file upload_18.cif (mmCIF, C-alpha atoms and all ligand atoms)
data_entry
#
loop_
_atom_site.label_atom_id
_atom_site.label_comp_id
_atom_site.auth_asym_id
_atom_site.auth_seq_id
_atom_site.Cartn_x
_atom_site.Cartn_y
_atom_site.Cartn_z
CA MET A 1 -7.16 -44.59 -43.29
CA ASN A 2 -10.64 -43.10 -43.49
CA ALA A 3 -10.39 -40.15 -45.93
CA SER A 4 -13.23 -38.32 -44.15
CA PHE A 5 -11.41 -38.39 -40.78
CA PRO A 6 -10.60 -34.78 -39.76
CA ASP A 7 -6.95 -33.67 -39.56
CA ALA A 8 -7.38 -32.44 -35.99
CA VAL A 9 -8.92 -34.84 -33.53
CA GLN A 10 -12.28 -33.49 -32.27
CA ALA A 11 -12.01 -32.13 -28.72
CA THR A 12 -14.79 -34.53 -27.67
CA ASP A 13 -12.64 -37.49 -28.77
CA LEU A 14 -9.76 -36.49 -26.53
CA LEU A 15 -9.12 -38.37 -23.31
CA PRO A 16 -9.64 -36.19 -20.23
CA LEU A 17 -6.60 -34.94 -18.30
CA ARG A 18 -7.02 -33.37 -14.89
CA LEU A 19 -4.22 -30.85 -14.41
CA LEU A 20 -3.28 -29.75 -10.89
CA ILE A 21 -1.21 -26.58 -11.14
CA ALA A 22 0.91 -25.62 -8.13
CA ALA A 23 0.78 -22.14 -6.64
CA PRO A 24 3.14 -20.60 -5.91
CA ARG A 25 5.25 -21.55 -8.92
CA GLY A 26 7.58 -19.78 -11.32
CA PHE A 27 9.20 -16.38 -10.93
CA CYS A 28 10.23 -15.24 -7.46
CA ALA A 29 10.92 -11.65 -6.39
CA GLY A 30 14.67 -12.04 -6.98
CA VAL A 31 14.16 -13.22 -10.56
CA ASP A 32 11.64 -10.45 -11.32
CA ARG A 33 14.16 -7.93 -10.01
CA ALA A 34 17.14 -9.41 -11.91
CA ILE A 35 15.29 -9.36 -15.24
CA GLU A 36 14.07 -5.82 -14.62
CA ILE A 37 17.63 -4.72 -13.88
CA VAL A 38 18.75 -5.96 -17.31
CA GLU A 39 15.78 -4.37 -19.09
CA ARG A 40 16.23 -1.02 -17.35
CA ALA A 41 19.99 -1.06 -17.88
CA ILE A 42 19.46 -1.48 -21.63
CA LEU A 43 17.12 1.54 -21.60
CA LYS A 44 19.55 3.58 -19.50
CA PHE A 45 22.86 2.71 -21.19
CA GLY A 46 21.61 1.61 -24.62
CA ALA A 47 22.42 -1.79 -26.14
CA PRO A 48 24.53 -3.75 -25.76
CA VAL A 49 24.61 -4.34 -22.03
CA TYR A 50 26.75 -7.28 -20.90
CA VAL A 51 25.51 -9.84 -18.38
CA ARG A 52 28.00 -12.04 -16.56
CA HIS A 53 26.47 -15.56 -16.52
CA GLU A 54 22.81 -16.33 -17.39
CA ILE A 55 20.87 -13.66 -15.47
CA VAL A 56 18.72 -16.57 -14.23
CA HIS A 57 18.98 -20.20 -15.30
CA ASN A 58 16.45 -20.14 -18.12
CA ARG A 59 17.21 -20.23 -21.83
CA TYR A 60 13.92 -18.55 -22.82
CA VAL A 61 14.55 -15.60 -20.47
CA VAL A 62 18.11 -15.28 -21.73
CA ASP A 63 17.00 -15.37 -25.40
CA GLN A 64 14.32 -12.71 -24.79
CA LEU A 65 16.91 -10.42 -23.19
CA LYS A 66 19.38 -11.08 -26.03
CA GLU A 67 16.74 -9.83 -28.43
CA LYS A 68 16.46 -6.64 -26.37
CA GLY A 69 20.23 -6.06 -26.49
CA ALA A 70 21.86 -8.07 -23.72
CA ILE A 71 25.08 -9.99 -24.39
CA PHE A 72 25.74 -12.92 -22.07
CA VAL A 73 29.31 -13.84 -21.12
CA GLU A 74 30.81 -16.13 -18.49
CA GLU A 75 33.79 -13.99 -17.49
CA LEU A 76 34.59 -10.30 -17.16
CA ASP A 77 37.48 -10.53 -19.64
CA GLU A 78 34.83 -11.02 -22.35
CA VAL A 79 33.39 -7.58 -21.54
CA PRO A 80 34.97 -4.81 -23.63
CA ASP A 81 36.36 -1.71 -21.87
CA GLY A 82 33.71 0.93 -21.34
CA ALA A 83 30.74 -1.46 -21.62
CA PRO A 84 28.21 -1.77 -18.78
CA VAL A 85 28.01 -5.19 -17.10
CA ILE A 86 25.45 -6.83 -14.82
CA PHE A 87 26.16 -9.63 -12.35
CA SER A 88 23.57 -12.44 -12.33
CA ALA A 89 20.96 -13.19 -9.62
CA HIS A 90 23.19 -15.94 -8.21
CA GLY A 91 25.85 -13.53 -6.94
CA VAL A 92 29.58 -13.22 -7.55
CA PRO A 93 32.78 -13.59 -5.52
CA LYS A 94 34.16 -10.31 -4.11
CA SER A 95 36.95 -10.41 -6.69
CA ILE A 96 34.49 -9.73 -9.54
CA PRO A 97 33.29 -6.20 -8.62
CA ALA A 98 36.89 -5.49 -7.58
CA ILE A 99 38.14 -6.37 -11.09
CA ALA A 100 35.28 -4.41 -12.66
CA ASP A 101 36.28 -1.38 -10.56
CA GLU A 102 39.94 -1.75 -11.55
CA ARG A 103 38.88 -1.72 -15.19
CA GLY A 104 36.57 1.25 -14.63
CA LEU A 105 33.54 -0.71 -15.86
CA ASP A 106 30.02 0.48 -15.06
CA TRP A 107 28.58 -2.51 -13.19
CA LEU A 108 25.22 -3.33 -11.73
CA ASP A 109 24.52 -6.08 -9.24
CA ALA A 110 21.44 -8.25 -9.89
CA THR A 111 22.38 -10.60 -7.02
CA CYS A 112 19.18 -11.57 -5.21
CA PRO A 113 18.98 -9.62 -1.94
CA LEU A 114 18.49 -12.95 -0.13
CA VAL A 115 21.83 -14.16 -1.51
CA SER A 116 23.47 -10.85 -0.57
CA LYS A 117 22.16 -11.39 2.96
CA VAL A 118 24.04 -14.70 3.13
CA HIS A 119 27.16 -12.89 1.83
CA ARG A 120 26.92 -10.42 4.73
CA GLN A 121 26.37 -13.24 7.23
CA ALA A 122 29.52 -14.92 5.91
CA GLU A 123 31.53 -11.76 6.59
CA ARG A 124 30.04 -11.51 10.07
CA GLN A 125 30.97 -15.10 10.90
CA ILE A 126 34.56 -14.40 9.87
CA ASP A 127 34.64 -11.13 11.85
CA ALA A 128 33.46 -13.12 14.88
CA GLY A 129 36.47 -15.43 14.40
CA ARG A 130 34.51 -18.47 13.25
CA HIS A 131 35.32 -20.93 10.48
CA ILE A 132 32.29 -21.31 8.19
CA ILE A 133 30.75 -24.62 7.17
CA PHE A 134 28.78 -23.85 4.02
CA ILE A 135 26.05 -26.24 2.88
CA GLY A 136 25.65 -26.12 -0.90
CA HIS A 137 26.26 -27.74 -4.28
CA LYS A 138 29.88 -27.65 -5.44
CA GLY A 139 30.42 -25.64 -8.62
CA HIS A 140 27.05 -23.84 -8.56
CA PRO A 141 27.53 -20.11 -9.28
CA GLU A 142 25.81 -19.09 -6.03
CA VAL A 143 28.20 -21.31 -4.09
CA ILE A 144 31.22 -19.91 -5.95
CA GLY A 145 29.92 -16.41 -5.15
CA THR A 146 29.39 -17.07 -1.45
CA LEU A 147 32.69 -18.92 -0.98
CA GLY A 148 34.32 -15.90 -2.61
CA GLN A 149 33.06 -13.49 0.06
CA VAL A 150 35.63 -14.59 2.63
CA PRO A 151 39.37 -15.34 2.58
CA GLU A 152 40.43 -18.72 1.24
CA GLY A 153 40.75 -21.34 3.97
CA THR A 154 38.06 -19.76 6.18
CA ILE A 155 35.09 -21.64 4.67
CA THR A 156 34.48 -25.35 4.03
CA LEU A 157 31.82 -26.66 1.67
CA VAL A 158 29.69 -29.66 2.69
CA GLU A 159 27.17 -31.30 0.38
CA THR A 160 26.06 -34.34 2.41
CA VAL A 161 25.72 -35.72 5.92
CA GLN A 162 28.80 -37.86 5.17
CA ASP A 163 30.76 -34.66 4.42
CA VAL A 164 29.79 -33.43 7.90
CA LEU A 165 31.01 -36.69 9.46
CA ASP A 166 34.31 -36.27 7.59
CA LEU A 167 34.99 -32.70 8.80
CA PRO A 168 38.35 -32.34 10.57
CA PHE A 169 37.18 -29.83 13.22
CA THR A 170 36.83 -30.52 16.95
CA THR A 171 34.02 -29.43 19.28
CA GLU A 172 36.45 -26.79 20.62
CA ASP A 173 36.71 -25.01 17.26
CA ALA A 174 34.69 -21.85 16.68
CA LEU A 175 32.34 -22.74 13.83
CA GLY A 176 29.37 -21.20 12.07
CA PHE A 177 27.23 -22.50 9.24
CA LEU A 178 25.40 -20.95 6.29
CA THR A 179 23.53 -22.43 3.33
CA GLN A 180 22.85 -21.94 -0.36
CA THR A 181 19.37 -20.44 -0.91
CA THR A 182 17.97 -23.04 -3.33
CA LEU A 183 18.57 -26.33 -1.51
CA SER A 184 16.25 -29.20 -0.65
CA VAL A 185 14.53 -28.24 2.61
CA ASP A 186 14.57 -31.86 3.81
CA ASP A 187 18.18 -32.67 2.90
CA THR A 188 19.37 -29.43 4.46
CA ALA A 189 17.49 -30.11 7.70
CA GLU A 190 19.32 -33.45 7.92
CA ILE A 191 22.71 -31.88 7.25
CA VAL A 192 22.07 -29.13 9.82
CA ARG A 193 21.01 -31.80 12.34
CA ALA A 194 24.26 -33.69 11.70
CA LEU A 195 26.24 -30.46 12.15
CA ARG A 196 24.50 -29.58 15.41
CA ASN A 197 24.96 -33.14 16.69
CA ARG A 198 28.66 -33.14 15.96
CA TYR A 199 29.29 -29.50 16.91
CA PRO A 200 26.69 -28.51 19.56
CA HIS A 201 28.14 -24.98 19.81
CA ILE A 202 28.06 -24.25 16.08
CA ASN A 203 26.61 -20.84 15.32
CA GLY A 204 24.02 -20.55 12.58
CA PRO A 205 20.84 -18.87 11.40
CA LYS A 206 17.64 -19.80 13.31
CA ALA A 207 16.19 -21.22 10.11
CA GLU A 208 18.55 -22.17 7.27
CA ASP A 209 19.13 -19.60 4.52
CA ILE A 210 16.89 -21.46 2.05
CA CYS A 211 14.77 -18.70 0.54
CA TYR A 212 11.01 -18.29 0.83
CA ALA A 213 10.49 -19.05 -2.88
CA THR A 214 12.47 -22.30 -2.77
CA SER A 215 10.66 -23.58 0.32
CA ASN A 216 7.22 -22.45 -0.88
CA ARG A 217 7.66 -24.21 -4.25
CA GLN A 218 8.81 -27.41 -2.53
CA ALA A 219 5.84 -27.27 -0.14
CA ALA A 220 3.47 -26.76 -3.09
CA VAL A 221 4.89 -29.86 -4.81
CA LYS A 222 4.46 -31.86 -1.60
CA ALA A 223 0.80 -30.83 -1.57
CA ILE A 224 0.00 -31.90 -5.15
CA ALA A 225 2.38 -34.81 -5.77
CA PRO A 226 0.34 -37.37 -3.78
CA GLN A 227 -2.73 -36.50 -5.88
CA VAL A 228 -1.12 -36.95 -9.32
CA GLU A 229 0.40 -39.78 -11.32
CA LEU A 230 3.11 -37.65 -12.95
CA LEU A 231 4.51 -34.16 -12.33
CA PHE A 232 6.00 -31.77 -14.86
CA VAL A 233 8.46 -29.20 -13.53
CA ILE A 234 9.16 -26.41 -15.97
CA GLY A 235 12.77 -25.41 -15.55
CA ALA A 236 16.33 -25.91 -16.71
CA PRO A 237 18.75 -28.69 -15.74
CA ASN A 238 21.22 -26.10 -14.38
CA SER A 239 18.51 -24.56 -12.18
CA SER A 240 19.14 -25.82 -8.66
CA ASN A 241 15.72 -24.85 -7.31
CA SER A 242 13.92 -26.50 -10.25
CA MET A 243 15.90 -29.73 -9.88
CA ARG A 244 14.96 -29.83 -6.21
CA LEU A 245 11.27 -29.77 -7.19
CA VAL A 246 11.75 -32.87 -9.35
CA GLU A 247 13.53 -34.52 -6.40
CA VAL A 248 10.79 -33.66 -3.89
CA SER A 249 8.23 -35.34 -6.11
CA THR A 250 10.20 -38.47 -7.00
CA ARG A 251 11.28 -39.01 -3.39
CA GLY A 252 7.64 -38.87 -2.35
CA GLY A 253 6.95 -41.63 -4.90
CA THR A 254 5.50 -39.53 -7.73
CA PRO A 255 7.49 -39.64 -10.97
CA ALA A 256 8.47 -36.20 -12.23
CA ARG A 257 10.01 -34.81 -15.40
CA LEU A 258 11.92 -31.59 -15.89
CA VAL A 259 10.60 -29.87 -19.02
CA GLN A 260 12.25 -26.81 -20.57
CA ARG A 261 9.75 -26.19 -23.39
CA ALA A 262 6.50 -27.79 -24.60
CA SER A 263 8.37 -29.10 -27.63
CA GLU A 264 10.28 -31.55 -25.38
CA ILE A 265 7.11 -33.31 -24.23
CA ASP A 266 6.41 -36.71 -25.73
CA PRO A 267 2.62 -37.28 -25.62
CA ALA A 268 3.36 -40.95 -24.86
CA TRP A 269 4.56 -39.84 -21.40
CA LEU A 270 0.90 -39.16 -20.63
CA ASP A 271 -0.29 -42.65 -21.59
CA GLY A 272 -2.30 -43.98 -18.67
CA VAL A 273 -2.01 -40.66 -16.81
CA ASN A 274 -5.37 -39.24 -15.70
CA THR A 275 -4.09 -36.58 -13.30
CA LEU A 276 -0.96 -34.57 -14.04
CA GLY A 277 0.76 -32.07 -11.74
CA LEU A 278 2.44 -28.95 -13.08
CA THR A 279 4.82 -26.49 -11.48
CA ALA A 280 7.67 -24.21 -12.52
CA GLY A 281 11.02 -23.34 -10.97
CA ALA A 282 11.75 -19.80 -9.76
CA SER A 283 13.50 -18.92 -13.04
CA ALA A 284 10.78 -20.28 -15.39
CA PRO A 285 8.37 -17.72 -16.86
CA GLU A 286 4.59 -18.17 -16.79
CA THR A 287 4.55 -18.01 -20.62
CA LEU A 288 6.18 -21.45 -20.60
CA VAL A 289 3.56 -22.81 -18.19
CA ARG A 290 0.90 -21.60 -20.65
CA GLU A 291 2.82 -23.04 -23.58
CA VAL A 292 2.87 -26.47 -21.90
CA ILE A 293 -0.85 -26.36 -21.06
CA ASP A 294 -1.69 -25.30 -24.63
CA PHE A 295 0.38 -28.19 -25.99
CA LEU A 296 -1.24 -30.71 -23.61
CA SER A 297 -4.61 -29.43 -24.83
CA THR A 298 -3.80 -30.47 -28.40
CA PHE A 299 -4.01 -34.15 -27.48
CA ARG A 300 -5.96 -34.29 -24.18
CA ALA A 301 -9.14 -32.62 -22.89
CA VAL A 302 -7.47 -30.67 -20.10
CA THR A 303 -9.28 -29.37 -17.03
CA GLU A 304 -7.14 -26.99 -14.98
CA GLU A 305 -7.20 -26.72 -11.19
CA THR A 306 -4.84 -24.43 -9.29
CA VAL A 307 -3.81 -25.68 -5.87
CA VAL A 308 -2.79 -22.73 -3.70
CA THR A 309 -0.63 -23.58 -0.71
CA THR A 310 0.45 -20.04 0.14
CA GLU A 311 0.35 -16.49 -1.24
CA GLU A 312 3.59 -14.67 -2.05
CA LYS A 313 3.79 -10.88 -1.82
CA MET A 314 7.56 -10.37 -1.78
CA ILE A 315 8.96 -7.52 -3.90
CA PHE A 316 12.60 -6.41 -3.90
CA LYS A 317 13.77 -2.85 -4.57
CA LEU A 318 15.89 -2.11 -7.62
CA PRO A 319 19.49 -0.95 -7.15
CA ARG A 320 19.78 2.81 -6.51
CA GLN A 321 21.28 3.48 -9.96
CA LEU A 322 18.12 2.18 -11.68
CA ALA A 323 15.33 3.21 -9.32
CA ASP A 324 13.07 5.93 -10.79
O1 LIG B 1 20.44 -18.53 -6.91
C1 LIG B 1 19.46 -17.83 -6.95
C2 LIG B 1 19.56 -16.53 -6.40
C3 LIG B 1 18.20 -18.29 -7.63
C4 LIG B 1 17.95 -17.62 -8.93
C5 LIG B 1 16.74 -18.11 -9.64
O2 LIG B 1 16.76 -19.43 -10.02
P1 LIG B 1 17.83 -20.08 -11.01
O3 LIG B 1 17.22 -21.27 -11.59
O4 LIG B 1 18.36 -19.05 -11.93
O5 LIG B 1 19.00 -20.44 -10.03
P2 LIG B 1 19.34 -21.70 -9.14
O6 LIG B 1 20.18 -22.62 -9.99
O7 LIG B 1 20.16 -21.13 -8.02
O8 LIG B 1 18.10 -22.32 -8.66
FE1 LIG B 2 16.28 -15.04 -4.56
FE2 LIG B 2 15.26 -17.33 -3.82
FE3 LIG B 2 14.58 -16.28 -6.06
S1 LIG B 2 17.31 -16.60 -3.44
S2 LIG B 2 16.35 -15.20 -6.76
S3 LIG B 2 14.17 -15.40 -4.05
S4 LIG B 2 14.90 -18.43 -5.72
#
call {"tool": "encode", "arguments": {"input": "upload_18.cif", "output": "structure tokens"}}
result
Amino acid sequence: MNASFPDAVQATDLLPLRLLIAAPRGFCAGVDRAIEIVERAILKFGAPVYVRHEIVHNRYVVDQLKEKGAIFVEELDEVPDGAPVIFSAHGVPKSIPAIADERGLDWLDATCPLVSKVHRQAERQIDAGRHIIFIGHKGHPEVIGTLGQVPEGTITLVETVQDVLDLPFTTEDALGFLTQTTLSVDDTAEIVRALRNRYPHINGPKAEDICYATSNRQAAVKAIAPQVELLFVIGAPNSSNSMRLVEVSTRGGTPARLVQRASEIDPAWLDGVNTLGLTAGASAPETLVREVIDFLSTFRAVTEETVVTTEEKMIFKLPRQLAD
């Protein structure tokens, strides 16, 4: 090795990398609100404040809040008597606030208002005497929360078109449908089509309940994916909306990788890549987008271009107990 060769490669020696950054990306209004609820609750009640489930599906966000005094648990029985507890952005079954009330716990609800809206629609469908077909991913906390809004046996989960074809109901049955907020727009459209074909009288929302942030981020990926050779999605594997962004890209023929932190990136992934796309799920903070770009810049001469497909202006109010 040449002893005079510098430790750091000169910027001029680096291969160029054109980076197309999706906008909108990253935090949505529901995530902003959920994190602010935890921060304000710590100021109001003092640490520790308990949070049932990851407030949003991002390790970095969770770790930052832990440092400020949040303690994350999966179930209410891990919350000591007298401690305040916050329910995550994904929502909870009705039984959870009921148990918290029984125990006299101070609780705050960080459920995204768009998820709460689906909860209310579920109640309305039941009040109208309809059985609900719910489109969602089995086991996801939002799905557990929404299924838990109505009595057992009044809601059926479907995940695929095949599930719709296997439903036991007849065209005479009173049915309604609702969806998880963070689904694939395309898959959901197909499932809704199958439902309407099989049950022409099924009642449902005009558009599905997929939220604005989920659909905007998927549309942004559709806009940049055809122009890039590889896409990075910053997000966590348990983040439904982030995983859907990876899917949108790969289905369109552009390989995509889910990246939680810059440290996970192997520079060899970029071999032969001249144009890279970058986006972030609704629970991934902008700091991590910056961290990834800074890391890429250590081995490639990066030029950044933001591709704006729409502007987001949504803001959600804080719960009454925390509003100024
Ligand atoms: O379910 C929600 C209300 C979305 C919350 C923000 O995203 P994330 O990654 O925490 O949750 P999903 O797994 O639902 O996308
Ligand atoms: Fe709410 Fe959609 Fe974000 S449901 S938390 S606005 S991803």
call {"tool": "atom_distance", "arguments": {"input": "upload_18.cif", "atom1": "CA of Val192 (chain A)", "atom2": "CA of Pro205 (chain A)"}}
result
10.5 Å
call {"tool": "residues_near_ligand", "arguments": {"input": "upload_18.cif", "ligand": "ligand LIG 2 (chain B)", "cutoff": "8 Å", "atoms": "all atoms listed in the file", "output": "list in words"}}
result
Phe27, Cys28, Ala29, Gly30, Val31, Ala34, Val56, Ala89, His90, Thr111, Cys112, Pro113, Leu114, Val115, Thr181, Thr182, Ile210, Cys211, Tyr212, Ala213, Thr214, Asn241, Ala282 and Ser283 of chain A
call {"tool": "atom_distance", "arguments": {"input": "upload_18.cif", "atom1": "CA of Arg196 (chain A)", "atom2": "CA of Gly253 (chain A)"}}
result
29.4 Å
call {"tool": "axis_aligned_box", "arguments": {"input": "upload_18.cif", "around": "ligand LIG 1 (chain B)", "padding_each_side": "3 Å", "output": "lines of an AutoDock Vina configuration file"}}
result
center_x = 18.6
center_y = -19.6
center_z = -9.2
size_x = 9.7
size_y = 12.1
size_z = 11.5
call {"tool": "atom_distance", "arguments": {"input": "upload_18.cif", "atom1": "CA of Ser184 (chain A)", "atom2": "CA of Leu165 (chain A)"}}
result
19.4 Å
call {"tool": "closest_residue", "arguments": {"input": "upload_18.cif", "among": "A:Leu105, A:Ala98, A:Pro93, A:Gly176", "to": "Leu147 (chain A)", "atoms": "all atoms listed in the file"}}
result
A:Pro93
call {"tool": "closest_residue", "arguments": {"input": "upload_18.cif", "among": "A:Glu102, A:Glu142, A:Glu78, A:Glu229", "to": "ligand LIG 1 (chain B)", "atoms": "only C-alpha atoms and all ligand atoms"}}
result
A:Glu142
call {"tool": "closest_residue", "arguments": {"input": "upload_18.cif", "among": "A:Ala70, A:Val246, A:Ala280, A:Leu15", "to": "Ile42 (chain A)", "atoms": "all atoms listed in the file"}}
result
A:Ala70
call {"tool": "residues_around", "arguments": {"input": "upload_18.cif", "residues": "Glu67 (chain A)", "least_positions_apart": "3", "cutoff": "12 Å", "atoms": "all atoms listed in the file", "output": "mmCIF file with C-alpha atoms, in the coordinates of the input"}}
result
data_model
loop_
_atom_site.group_PDB
_atom_site.id
_atom_site.type_symbol
_atom_site.label_atom_id
_atom_site.label_comp_id
_atom_site.auth_asym_id
_atom_site.auth_seq_id
_atom_site.Cartn_x
_atom_site.Cartn_y
_atom_site.Cartn_z
ATOM 1 C CA VAL A 38 18.750 -5.960 -17.310
ATOM 2 C CA GLU A 39 15.780 -4.370 -19.090
ATOM 3 C CA ILE A 42 19.460 -1.480 -21.630
ATOM 4 C CA ALA A 47 22.420 -1.790 -26.140
ATOM 5 C CA PRO A 48 24.530 -3.750 -25.760
ATOM 6 C CA VAL A 49 24.610 -4.340 -22.030
ATOM 7 C CA TYR A 60 13.920 -18.550 -22.820
ATOM 8 C CA VAL A 61 14.550 -15.600 -20.470
ATOM 9 C CA VAL A 62 18.110 -15.280 -21.730
ATOM 10 C CA ASP A 63 17.000 -15.370 -25.400
ATOM 11 C CA GLN A 64 14.320 -12.710 -24.790
ATOM 12 C CA ALA A 70 21.860 -8.070 -23.720
ATOM 13 C CA ILE A 71 25.080 -9.990 -24.390
ATOM 14 C CA PHE A 72 25.740 -12.920 -22.070
#
call {"tool": "closest_residue", "arguments": {"input": "upload_18.cif", "among": "A:Val221, A:His57, A:Leu65, A:Ala110", "to": "Lys317 (chain A)", "atoms": "all atoms listed in the file"}}
result
A:Ala110
call {"tool": "build_atoms", "arguments": {"input": "upload_18.cif", "residues": "region 107-122 of chain A", "atoms": "N, CA and C atoms", "output": "JSON list (two decimals), in the coordinates of the input"}}
result
[["chain", "number", "residue", "atom", "x", "y", "z"],
["A", 107, "TRP", "N", 29.21, -1.21, -13.48],
["A", 107, "TRP", "CA", 28.58, -2.51, -13.19],
["A", 107, "TRP", "C", 27.35, -2.36, -12.32],
["A", 108, "LEU", "N", 26.45, -3.28, -12.51],
["A", 108, "LEU", "CA", 25.22, -3.33, -11.73],
["A", 108, "LEU", "C", 25.11, -4.72, -11.14],
["A", 109, "ASP", "N", 24.57, -4.79, -9.92],
["A", 109, "ASP", "CA", 24.52, -6.08, -9.24],
["A", 109, "ASP", "C", 23.08, -6.59, -9.18],
["A", 110, "ALA", "N", 22.79, -7.66, -9.92],
["A", 110, "ALA", "CA", 21.44, -8.25, -9.89],
["A", 110, "ALA", "C", 21.38, -9.42, -8.90],
["A", 111, "THR", "N", 22.41, -9.55, -8.05],
["A", 111, "THR", "CA", 22.38, -10.60, -7.02],
["A", 111, "THR", "C", 21.09, -10.49, -6.21],
["A", 112, "CYS", "N", 20.40, -11.60, -6.02],
["A", 112, "CYS", "CA", 19.18, -11.57, -5.21],
["A", 112, "CYS", "C", 19.51, -11.06, -3.82],
["A", 113, "PRO", "N", 18.70, -10.13, -3.28],
["A", 113, "PRO", "CA", 18.98, -9.62, -1.94],
["A", 113, "PRO", "C", 19.08, -10.72, -0.88],
["A", 114, "LEU", "N", 18.42, -11.86, -1.11],
["A", 114, "LEU", "CA", 18.49, -12.95, -0.13],
["A", 114, "LEU", "C", 19.84, -13.67, -0.21],
["A", 115, "VAL", "N", 20.47, -13.62, -1.38],
["A", 115, "VAL", "CA", 21.83, -14.16, -1.51],
["A", 115, "VAL", "C", 22.81, -13.16, -0.89],
["A", 116, "SER", "N", 22.59, -11.88, -1.16],
["A", 116, "SER", "CA", 23.47, -10.85, -0.57],
["A", 116, "SER", "C", 23.45, -10.92, 0.96],
["A", 117, "LYS", "N", 22.28, -11.26, 1.50],
["A", 117, "LYS", "CA", 22.16, -11.39, 2.96],
["A", 117, "LYS", "C", 23.09, -12.50, 3.47],
["A", 118, "VAL", "N", 23.15, -13.60, 2.74],
["A", 118, "VAL", "CA", 24.04, -14.70, 3.13],
["A", 118, "VAL", "C", 25.51, -14.23, 3.03],
["A", 119, "HIS", "N", 25.80, -13.42, 1.98],
["A", 119, "HIS", "CA", 27.16, -12.89, 1.83],
["A", 119, "HIS", "C", 27.55, -12.08, 3.08],
["A", 120, "ARG", "N", 26.62, -11.26, 3.56],
["A", 120, "ARG", "CA", 26.92, -10.42, 4.73],
["A", 120, "ARG", "C", 27.09, -11.29, 5.99],
["A", 121, "GLN", "N", 26.24, -12.34, 6.07],
["A", 121, "GLN", "CA", 26.37, -13.24, 7.23],
["A", 121, "GLN", "C", 27.73, -13.93, 7.22],
["A", 122, "ALA", "N", 28.21, -14.25, 6.03],
["A", 122, "ALA", "CA", 29.52, -14.92, 5.91],
["A", 122, "ALA", "C", 30.60, -13.98, 6.47]]
